[in-house]
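K.L.:
Once you've had a glance at the structure underneath, I'll fire off some questions.
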Amino acid sequence: MTTTITQPAPTATEPAPVGRRASAVLALARFEARELLLQIPVLLIFALYVVLVVWRLLHQEGMDDFPVLNTVDRSTQGEPLLFAVALLICTNAAALRSRKNGTAQQFDVLAMDPWRRTLAHVLSVVPYAALTAVVVAAQFLREALKPGAIGHGSLGELAVGPLTVLLAGVTGVLLARLLPTAFVLAPFVLAVYLLIAVASAAASEGAWTGWLSPVVFSGTSGGDPVPSDLLGRSAGWHALYVAALCALVICAALLLSGGRTRAIRTATALALAATAAGVIGQLPRDDGALEAARRTASEAPQKVQSCTVYGGSTYCSFPEWNGVRSDWAGVVDRVRSAAGGTAAEAALTIRQRIDTSSGVEADSALSPSVTPHQVTVGTHWGGNRVPEFAVGVASVLVTGSEEAAAQELCDARAVTIMWLVLGTDPTPLTTFQNLRLDDSTDGSGVILAPTEPLSLTAHQTTVLRELLARPRAEETARVKAHWTELTSPNTSTAEAAKLLGVAVPKGAESCEE
């Protein structure tokens, strides 16, 4: 015979004073934060996140010496997403722990209200959002403090990563109170992923509804940077919107847990108002003016640029790139020092150009300029962009304009152009290999340039390699002495080889290679 003993229902103790209740909430929040740290997904993925950021900072290329800060700030938004998913899962599990273990009824004997326990779970997420903010700040400062840093970043863009982590964590708590089962997480995460993908596509197409997603990857495809005022991103309003969403989710979780205090109701109303303000702030206001500004910057950049004169040449750039002009001048002086005739003192105009016809930050090719003695430079600088710019400078010095250099140069001029570029370069063969589209130094090939690429025949490549193997001072003197012939379209590659004292390539030269 079995005897069943029925225990009386637990009775709640007297409410604790306000100060003690706040201390209890904070103590529970600290405990839950430590528990989250012991969860393998949180610990492992945060470690991977930090390692990824450090690895990228330590393994950078030449262009990374001149980071464009209005792209750096946005690049910090995608990396914390996986960590945000891990935090969503683990905070949801933590909030469901008592239900899973069958101890939910035991909380009825505690002085702490259910909504205060929910608040403690919410507060346990804050340290991880703060840690993400530290990583984001370190990542951005590392780039911003470089001597070649270009432009400025946006606090609104930088805030998105930490706010996304916070939003994911508090959403996990809300889901636990709204749907107390772990099976809802997988479809929810998939739905959020699809939402971000669709929103980013919509934002790229110019639809303002895309900005209702917490994270938007519009304009981060790795194309050519543009001035900050042409991006058309309401970064501050978007950060307010995401922060308000965090507050709204927190208030919803507290209300579902029985929080009906005046403070919670007031906070909910304020969160709703802030969310609405964030949405309204992101509404398009004057798309026509923005499109006109982009068109002006693309088609008539001289209207929005300032210029400086270095060594007789004029350097014109968008305001955020003013600090790079001296680096451009160094390349121009170096290339011009190997030229002969009037080209050695030629006054060039270096014009920074962008192309927004295919979209902002699209990876599009710039058309050659028809203006005589004008050289195009893009918005990326450093690394391979330096010798590519040197090719543009040398092409204009030899042919007179980018339009003329874009024609087929099956003659001595192509050899002369490449000698100006490589004859003054400290590592000519490596630079030659990097400039060629096929990464080789033999046979015919295509040479990268700021606008139209330059084509080299196999004979021209052979002559150039012979020149690079000889004493530079001797060959520089020969180039200057025969400058008129070497820059004439009537001088063949074979005749150029004779003038420069190197062996004439065997066989007939083919310009169709």
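Chain identifiers are assigned as A, B, and so on, following the order in which chains appear in the structure tokens; residues are numbered from 1 within each chain, and ligands are numbered from 1 in order of appearance.
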DSSP says strand (DSSP E) for which residues of segment 312-384 of chain A? Put them as a list in words?
P.N.:
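Restricting segment 312-384 of chain A to strand (DSSP E) produces Ser313, Thr314, Tyr315, Cys316, Ser317, Thr349, Ile350, Arg351, Gln352, Gln374, Val375, Thr376 and Val377 of chain A.
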K.L.:
Find the residues near Ala94 of chain A: any atom within 8 Å, counting only C-alpha atoms, skip ones fewer than 6 places away on the same chain, and give them as a list in words.
P.N.:
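Contacts, with the query itself left out: Glu32, Leu36 and His121 of chain A.
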K.L.:
Got time to write the residues from that selection, N, CA and C atoms, as an mmCIF file, in the first residue's frame?
P.N.:
```
data_model
loop_
_atom_site.group_PDB
_atom_site.id
_atom_site.type_symbol
_atom_site.label_atom_id
_atom_site.label_comp_id
_atom_site.auth_asym_id
_atom_site.auth_seq_id
_atom_site.Cartn_x
_atom_site.Cartn_y
_atom_site.Cartn_z
ATOM 1 N N GLU A 32 24.353 34.597 -13.647
ATOM 2 C CA GLU A 32 23.946 34.145 -14.980
ATOM 3 C C GLU A 32 24.998 34.501 -16.033
ATOM 4 N N LEU A 36 26.837 31.864 -18.436
ATOM 5 C CA LEU A 36 26.921 31.987 -19.894
ATOM 6 C C LEU A 36 28.350 31.793 -20.375
ATOM 7 N N HIS A 121 18.324 37.921 -16.148
ATOM 8 C CA HIS A 121 18.769 37.249 -17.378
ATOM 9 C C HIS A 121 19.121 38.276 -18.458
#
```
K.L.:
Smallest atom-to-atom distance to Leu96 of chain A: which of A:Phe46, A:Tyr128, A:Phe83, A:Phe183, using only C-alpha atoms?
P.N.:
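With only C-alpha atoms as the atom set, the closest residue is A:Phe183.
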K.L.:
From the DSSP assignment of the backbone, select every residue of segment 117-269 of chain A that is alpha helix (DSSP H), and format the answer as number ranges by chain.
P.N.:
A: 117-123, 126-144, 155-178, 185-204, 235-256, 262-269
K.L.:
For C-alpha atoms, I'd like the residues from the last selection saved as a compact mmCIF listing (two decimals), in the first residue's frame.
P.N.:
```txt
# COMPACT_ATOMS: atom_id res chain seq x y z
CA ARG A 117 14.52 37.13 -12.52
CA THR A 118 13.85 37.92 -16.16
CA LEU A 119 15.58 41.26 -15.68
CA ALA A 120 18.60 39.44 -14.26
CA HIS A 121 18.77 37.25 -17.38
CA VAL A 122 18.59 40.37 -19.52
CA LEU A 123 21.36 42.08 -17.56
CA VAL A 126 25.21 43.29 -21.12
CA PRO A 127 28.83 42.21 -20.37
CA TYR A 128 28.99 40.34 -23.68
CA ALA A 129 27.67 43.31 -25.62
CA ALA A 130 30.31 45.40 -23.82
CA LEU A 131 33.05 42.90 -24.74
CA THR A 132 31.92 43.09 -28.36
CA ALA A 133 32.11 46.88 -28.16
CA VAL A 134 35.70 46.61 -26.88
CA VAL A 135 36.67 44.34 -29.79
CA VAL A 136 34.96 46.64 -32.31
CA ALA A 137 36.66 49.71 -30.82
CA ALA A 138 40.07 48.03 -30.88
CA GLN A 139 39.48 46.89 -34.46
CA PHE A 140 38.54 50.37 -35.62
CA LEU A 141 41.22 52.22 -33.63
CA ARG A 142 43.90 49.94 -35.04
CA GLU A 143 42.96 51.17 -38.52
CA ALA A 144 42.16 54.77 -37.60
CA LEU A 155 29.79 55.98 -34.25
CA GLY A 156 26.40 54.88 -35.50
CA GLU A 157 27.97 52.24 -37.76
CA LEU A 158 30.33 51.08 -35.00
CA ALA A 159 27.46 50.68 -32.54
CA VAL A 160 25.57 48.18 -34.71
CA GLY A 161 27.79 45.18 -33.88
CA PRO A 162 27.50 45.43 -30.06
CA LEU A 163 23.81 46.33 -30.29
CA THR A 164 23.17 43.26 -32.45
CA VAL A 165 24.77 41.06 -29.81
CA LEU A 166 22.65 42.70 -27.12
CA LEU A 167 19.49 42.32 -29.22
CA ALA A 168 20.19 38.64 -29.84
CA GLY A 169 20.73 37.95 -26.15
CA VAL A 170 17.59 39.69 -24.92
CA THR A 171 15.59 38.10 -27.76
CA GLY A 172 16.62 34.70 -26.41
CA VAL A 173 15.12 35.68 -23.05
CA LEU A 174 11.93 36.97 -24.69
CA LEU A 175 11.47 33.75 -26.67
CA ALA A 176 11.83 31.76 -23.45
CA ARG A 177 9.00 33.74 -21.88
CA LEU A 178 6.87 33.82 -25.03
CA LEU A 185 15.16 28.58 -31.96
CA ALA A 186 16.16 26.85 -35.21
CA PRO A 187 13.30 28.24 -37.34
CA PHE A 188 13.69 31.62 -35.64
CA VAL A 189 17.41 31.86 -36.47
CA LEU A 190 16.70 30.79 -40.06
CA ALA A 191 13.95 33.41 -40.34
CA VAL A 192 16.27 36.13 -39.03
CA TYR A 193 18.99 35.10 -41.49
CA LEU A 194 16.53 35.32 -44.38
CA LEU A 195 15.30 38.67 -43.08
CA ILE A 196 18.82 40.10 -43.05
CA ALA A 197 19.52 38.76 -46.56
CA VAL A 198 16.28 40.15 -47.99
CA ALA A 199 16.73 43.46 -46.15
CA SER A 200 20.28 43.88 -47.43
CA ALA A 201 19.11 43.22 -50.98
CA ALA A 202 16.26 45.69 -50.57
CA ALA A 203 18.59 48.35 -49.15
CA SER A 204 21.01 47.81 -52.05
CA ALA A 235 23.85 55.50 -39.45
CA GLY A 236 22.83 57.49 -36.37
CA TRP A 237 19.12 56.89 -36.84
CA HIS A 238 19.72 53.21 -37.54
CA ALA A 239 21.74 52.82 -34.33
CA LEU A 240 18.91 54.52 -32.42
CA TYR A 241 16.44 52.15 -34.05
CA VAL A 242 18.42 49.03 -33.04
CA ALA A 243 18.96 50.35 -29.50
CA ALA A 244 15.23 51.05 -29.21
CA LEU A 245 14.48 47.53 -30.45
CA CYS A 246 16.67 46.17 -27.66
CA ALA A 247 14.75 48.23 -25.11
CA LEU A 248 11.41 47.17 -26.60
CA VAL A 249 12.31 43.47 -26.49
CA ILE A 250 13.46 43.83 -22.87
CA CYS A 251 10.21 45.54 -21.88
CA ALA A 252 8.17 42.86 -23.66
CA ALA A 253 10.02 40.13 -21.75
CA LEU A 254 9.42 41.90 -18.44
CA LEU A 255 5.73 42.42 -19.19
CA LEU A 256 5.30 38.74 -20.11
CA ARG A 262 4.88 52.14 -13.56
CA ALA A 263 8.59 52.18 -14.46
CA ILE A 264 8.21 49.24 -16.85
CA ARG A 265 5.11 50.71 -18.49
CA THR A 266 6.87 54.06 -18.89
CA ALA A 267 9.97 52.38 -20.31
CA THR A 268 7.81 50.44 -22.77
CA ALA A 269 6.15 53.63 -23.99
```
K.L.:
Using only C-alpha atoms, determine which residues lie at most 12 Å from Gly311 of chain A, disregarding the query and same-chain residues fewer than 5 positions distant; provide the list as a ChimeraX atom specification.
P.N.:
/A:325-326,328-334,336-337,344-349
K.L.:
Would you give me, as CSV, each residue of segment 268-340 of chain A having an atom within 7 Å of an atom of segment 408-432 of chain A, along with its shortest atom pair and that distance in Å to one decimal, using only C-alpha atoms and sorting by chain and residue number?
P.N.:
```
residue,atom,partner,partner_atom,distance
A:Arg334,CA,A:Thr424,CA,6.6
A:Val335,CA,A:Leu420,CA,5.5
A:Ala338,CA,A:Leu420,CA,5.8
A:Ala339,CA,A:Leu420,CA,6.7
```
K.L.:
Could you tell me how far atom CA of Ala394 of chain A lies from atom CA of Glu509 of chain A, in Å and to one decimal?
P.N.:
23.1 Å
K.L.:
Closest to Val304 of chain A among A:Ala473, A:Leu87, A:Cys316, A:Leu145, using only C-alpha atoms?
P.N.:
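Ranked by minimum distance to Val304 of chain A, first place goes to A:Cys316.
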K.L.:
Pick the closest to Ile45 of chain A from A:Leu468, A:Ala86, A:Phe389, A:Leu28: which is it, counting only C-alpha atoms?
P.N.:
A:Ala86
K.L.:
Set the distance at 7 Å and use only C-alpha atoms: which residues neighbour Glu361 of chain A once local chain neighbours fewer than 2 positions away are removed? I'd like the list as a PyMOL selection string.
P.N.:
chain A and resi 219+223-226+359+363
K.L.:
For Ile447 of chain A, which residue out of A:Gly400, A:Pro301, A:Gly392, A:Gly501 is the nearest one, using only C-alpha atoms?
P.N.:
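The closest residue to Ile447 of chain A is A:Gly392.
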K.L.:
Suppose you want the space between atom CA of Gly382 of chain A and atom CA of Gln460 of chain A; what is it in Å?
P.N.:
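Spanning atom CA of Gly382 of chain A to atom CA of Gln460 of chain A is a straight-line distance of 27.2 Å.
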K.L.:
Using only C-alpha atoms, can you tell me which of A:Pro180, A:Ser228, A:Ala343, A:Pro147 comes closest to Thr71 of chain A?
P.N.:
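Closest candidate: A:Ser228.
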K.L.:
Rounded to one decimal in Å, what is the spacing between atom CA of Ala404 of chain A and atom CA of Pro387 of chain A?
P.N.:
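Computing it gives 19.7 Å between the two atoms.
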